[in-house]
Every structure is written in C-alpha cells, then in structure tokens.
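Novice: Please see the structure below; I have some questions.
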Amino acid sequence: MNLIIDKLAGVEGWETAASRIASDKGVAIILGAPDSGKTTFARFLVDWLTKKQLSVAMVDADMGQSTLGPPTTIGMNVFKSAPHWLEDIPCRSLHFVGSTSPEKHFISTIVGVKKMTESALGCGAEITLVDTSGLVYGNAGRLLKSQKIDIIKPNHIVAIQESDEIEHLLLPYIKQNTIKIHRLMTSEDTKTKPKDQRRSYREIKFQEYFRKSMRHRFVLGDIGILGSFLGSGRKLSANDLIFLSKTLDANAVHAEIGFEEVLIIVKGGYSKEGIVKLKKHFLDREIIINELDDFKFLITGLNDEKNNTLGIGIIEEIEMPAGIITVITPLHDIEMVRMLHFGSIKLNLSGREINNKQ
Ligand SMILES: Nc1ncnc2c1ncn2[C@@H]1O[C@H](COP(=O)(O)OP(=O)(O)OP(=O)(O)O)[C@@H](O)[C@H]1O
Ligand SMILES: [Mg+2]
C-alpha cells in the first residue's frame, strides 16, 4: 500500500527529476532501500546530464556494491561524456573506509563523502551525484543519512521507493526551501541481489583491482599508521620484551606503551593469566595483545601525507622486531605513501573475504 506518496502526489519520472537537477545544478544525494534502483538511476543521470554537456561527478558512497573504486572505499570521478558502465571505470579520488559496510564506520564514511564531494567541486563538476548504500532503517540508517545530508548540504534529495519506506528520512527536510525532494518509484523490473551475489560481486571487484599487484615493504618507523594501536605509542625495549614474554608465556616480538594502553604483539599464542600482572605493572593501562597473524591479510588504505587515499593493499606480513610491513598493492606511486590506514576486513590474495560476516 502506498501511504504517503499518493497523498503527496509527488512522484516524478526519471527525466523530470533529471531536468530539475540539471537546471539547479549543485549536489544531489540518492537515497533508497537495498536494491531500490539507486545506482541504476545514478548511471542514468550521468548519461543524461553529460549528454546536456554538463560536467557530472559521481561520488560512490556504497563501499560494498562499489561502482567506482574497489570495495571498502568511496570513489569519485568526473564525467564529461557517458562512460562504458560495464568496463572498469577509473577513479579520480578515493577515500578508504576500511570495511564493505558503513556500520561501525560512520564517521569515516561521512568524512569520505564530504572529502569526495569537495574533490568533485575542485575538479570543476557542475553537478555532483552521491550514490549511497541501502542502510536506511533503524537509528543507524537515520543517523547516517541525516549526517551525510548535514555535511554535504545537497540541493536535491532523490528518494527511490517502492512505497513509503524511506519517508522517515525525507520528512525532516520537507519544509526546508534549500533542498528539493524528488520521489521516484522503484521499477518493477528491479532485481534483488542476494547476499552471496553481493559477496561475489565484491570478490570480482577486488580481483580486478588487485590484478597487477606487487609487493612493497614499508618500515614501521618511517610511516604513520591509522586504524590500529600499532605505531601510536613509545616502543618498548628488548629487555621489556623479555619480561613480557616471560609474563605471558609467549614470544613477545614488539610492544608499545601509550598514555592509556600497552600494545603487545606476540608470535603464536600467549597465556591470559599474565595479563592481570601486566595491568598492575603498567599502572592499570589497558593491555592489548595482538598475534602477528591478526594483521595478515588485513586490508589497508595507502594514504599520502595529507591522508588522502592513493590506493589500497593487503598486508601480507608484518616482520617483528624488524618492523617491516609487506603490502600487496597495484599502486605505482609507492614513494608518495606516508600513511597506512588499517581496515577491519581481511582478504586473501585472490580477493576473497576471510572471516567477514557482512
Ligand atoms: N529501472 C530499472 N529497470 C530495469 N532494471 C532495473 C531498474 N532499476 C534497477 N534495476 C535492476 O535492479 C537491480 C538493483 O538495482 P540497483 O543496483 O540500481 O539498486 P541499488 O539501490 O543501487 O542497490 P544497492 O542497495 O545494492 O546499492 C540491478 O540488477 C538493476 O539492473
Ligand atoms: Mg547501488
């Protein structure tokens, strides 16, 4: 049953929405439940608007079913003509989020959408289209979408619905004169993508991205690390490692102390019994213990000195105590990498996600 849309009689056709967006220009965010047709409409808009000689940016804020850039990133490109959507489309800017879903990564997702929208503007885009994920329900969906709207300040919201399923996201903005709302109906031809199909789509995208990869070695002391306690504390000495190894009945290969926590990296297992003693020894700091293997196959962003993402990689190995991080990546400009941003999913070398429940 169509509760609200009929009442408001506000449903537009695709061309009407496109021409209203074309006349206003600016930023349009596309919202809808999973498989409602957001990406299909975004592609239609790029094709339609570029035919009108407009320069159109697409910000792909869906880190799972990515169109631009590999999964785990928000990609941006500016189009002056319609691209071949079935081919791999290059990305002008990337923002690594670190997961294939925005859940638990809201801040990074919102920051990424803002950075990519700004980058689109910097590249001269007259219209920027923001394609989003299907996370629209519950507190999480409301929070994510409202914060995105708040930060990018779109002048258009395109809502694609079967009925009134995302009216809860629109109603707060209805009285605002600055945002035009375009309601579109989900096509009856829309197909739903089951979980395993979504996963294999990601796997293909990862495979394409990592096809021509090489190994590169980064020295821990020379590079900034984000997304991990590693590299954020003062390195403990070889004598400290002997003490830690004895206390944990382990082979402690690296340790760092910070204001609130102590990070200990062990090779192989360890005994939990020693943790209480360590907590006392380190004046009640939190004791974080990682096994070296915890880092193996972790996805990582390769960022420049301004923390802009240049590419992504897979951590093949961290050698300790030498502090060498080996990363597999297709990125060429390795000398520009100043930061590694550790993500939260693991990939094997053929692009398959390991132990990722999403
Ligand atoms: N108007 C349409 N006509 C025919 N097929 C469509 C139409 N809109 C969408 N589809 C098909 O339905 C499927 C889902 O569409 P699409 O991927 O655009 O949805 P989405 O909202 O972007 O999904 P997601 O939540 O995964 O991002 C795709 O296979 C697409 O080809
Ligand atoms: Mg989509």
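Simple scheme: letters A, B, ... for chains in structure tokens order, numbers from 1 for residues in each chain, numbers from 1 for ligands in the order shown.
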Using DSSP on the backbone coordinates, identify the residues of stretch 66-258 of chain A assigned to alpha helix (DSSP H); present them as an NGL selection string.

Specialist: :A and (106-122 or 138-152 or 167-170 or 195-210 or 238-248)

Novice: Within 6 Å of A:Asn77, counting only C-alpha atoms, which residues qualify if same-chain residues fewer than 2 places away don't, as a list in words?

Specialist: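 Close residues of A:Asn77: Ala57, Met58, Cys91 and Arg92 of chain A.
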
Novice: With N, CA, C and O atoms retained, export the selected residues as a CSV table (one decimal), in the first residue's frame.

Specialist:
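Now in part25.csv:
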```csv
chain,number,residue,atom,x,y,z
A,57,ALA,N,29.9,14.8,-11.6
A,57,ALA,CA,30.7,13.9,-10.8
A,57,ALA,C,29.8,12.9,-10.1
A,57,ALA,O,28.7,13.2,-9.8
A,58,MET,N,30.4,11.7,-10.0
A,58,MET,CA,29.7,10.7,-9.2
A,58,MET,C,30.5,10.4,-8.0
A,58,MET,O,31.7,10.1,-8.1
A,91,CYS,N,39.1,6.0,-11.2
A,91,CYS,CA,38.6,6.8,-10.1
A,91,CYS,C,39.6,8.0,-10.1
A,91,CYS,O,40.8,7.8,-10.2
A,92,ARG,N,39.1,9.2,-9.9
A,92,ARG,CA,39.9,10.3,-9.7
A,92,ARG,C,40.4,10.5,-8.3
A,92,ARG,O,41.5,10.9,-8.0
```

Novice: Neighbours of ligand 1 at 9 Å or closer, counting only C-alpha atoms and all ligand atoms: which residues, as a PyMOL selection string?

Specialist: chain A and resi 31-43+62+64-66+131-135+160+185-193+198

Novice: Residues within 8 Å of A:Ile265, please, as a list in words. Count only C-alpha atoms; anything in the same chain fewer than 4 positions from it doesn't count.

Specialist: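 The neighbour list is Ala252, Val253, His254, Ala255, Ile289, Asn290, Glu291 and Leu292 of chain A.
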
Novice: Next, write the just-selected residues to a file, as a tab-separated table (two decimals), in the first residue's frame, keeping C-alpha atoms as the atom set.

Specialist:
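This went into result-v1.tsv:
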```tsv
chain	number	residue	atom	x	y	z
A	252	ALA	CA	56.62	-11.07	22.51
A	253	VAL	CA	58.14	-9.52	19.38
A	254	HIS	CA	57.02	-5.90	19.67
A	255	ALA	CA	55.47	-3.69	22.33
A	289	ILE	CA	47.59	-8.22	22.84
A	290	ASN	CA	47.71	-8.96	19.10
A	291	GLU	CA	49.14	-12.02	17.45
A	292	LEU	CA	51.25	-11.28	14.39
```

Novice: Please indicate the distance in Å from atom CA of A:Phe218 to atom CA of A:Thr329, rounded to one decimal place.

Specialist: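 If I compute the distance from atom CA of A:Phe218 to atom CA of A:Thr329, I get 12.2 Å.
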
Novice: Let me make sure I understand: among A:Tyr201, A:Val11, A:Ile127, A:Lys80, which one has the smallest atom-to-atom distance to ligand 2 if we use only C-alpha atoms and all ligand atoms?

Specialist: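 Checking each of A:Tyr201, A:Val11, A:Ile127, A:Lys80 against ligand 2, counting only C-alpha atoms and all ligand atoms, the winner is A:Tyr201.
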
Novice: Can you tell me, as a tab-separated table (two decimals) with all heavy atoms, in the first residue's frame, what residues are no more than 7 Å from A:Leu226 when counting only C-alpha atoms, ignoring any on the same chain fewer than 4 positions away?

Specialist:
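Saved the output as part.tsv:
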```
chain	number	residue	atom	x	y	z
A	340	LEU	N	49.61	4.29	6.43
A	340	LEU	CA	48.83	3.08	6.18
A	340	LEU	C	47.61	3.15	7.09
A	340	LEU	O	47.76	3.36	8.30
A	340	LEU	CB	49.64	1.82	6.50
A	340	LEU	CG	50.89	1.56	5.65
A	340	LEU	CD1	51.56	0.26	6.11
A	340	LEU	CD2	50.54	1.46	4.16
A	341	HIS	N	46.44	3.01	6.51
A	341	HIS	CA	45.22	3.03	7.31
A	341	HIS	C	44.68	1.60	7.35
A	341	HIS	O	44.09	1.13	6.38
A	341	HIS	CB	44.20	3.99	6.67
A	341	HIS	CG	42.91	4.08	7.41
A	341	HIS	ND1	41.94	4.99	7.12
A	341	HIS	CD2	42.42	3.36	8.45
A	341	HIS	CE1	40.91	4.83	7.93
A	341	HIS	NE2	41.18	3.82	8.75
A	342	PHE	N	44.92	0.92	8.49
A	342	PHE	CA	44.48	-0.47	8.59
A	342	PHE	C	42.95	-0.54	8.62
A	342	PHE	O	42.31	0.17	9.40
A	342	PHE	CB	45.04	-1.15	9.85
A	342	PHE	CG	46.53	-1.39	9.84
A	342	PHE	CD1	47.33	-0.94	8.79
A	342	PHE	CD2	47.14	-2.09	10.87
A	342	PHE	CE1	48.70	-1.16	8.77
A	342	PHE	CE2	48.51	-2.33	10.87
A	342	PHE	CZ	49.29	-1.85	9.82
```

Novice: Would you list, as a count of residues only, the residues of stretch 132-332 of chain A that end up in strand (DSSP E) under DSSP run on this structure's backbone?

Specialist: 65

Novice: Looking at only C-alpha atoms, which of A:Ile354, A:Ile345, A:Ala322, A:Ile21 is the one that sits closest to A:Ile181?

Specialist: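 Using only C-alpha atoms, the shortest distance to A:Ile181 belongs to A:Ile21.
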
Novice: Any idea what the distance is between atom CA of A:Asn177 and atom CA of A:Ile157?

Specialist: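 Rounded to one decimal, the two atoms are 12.3 Å apart.
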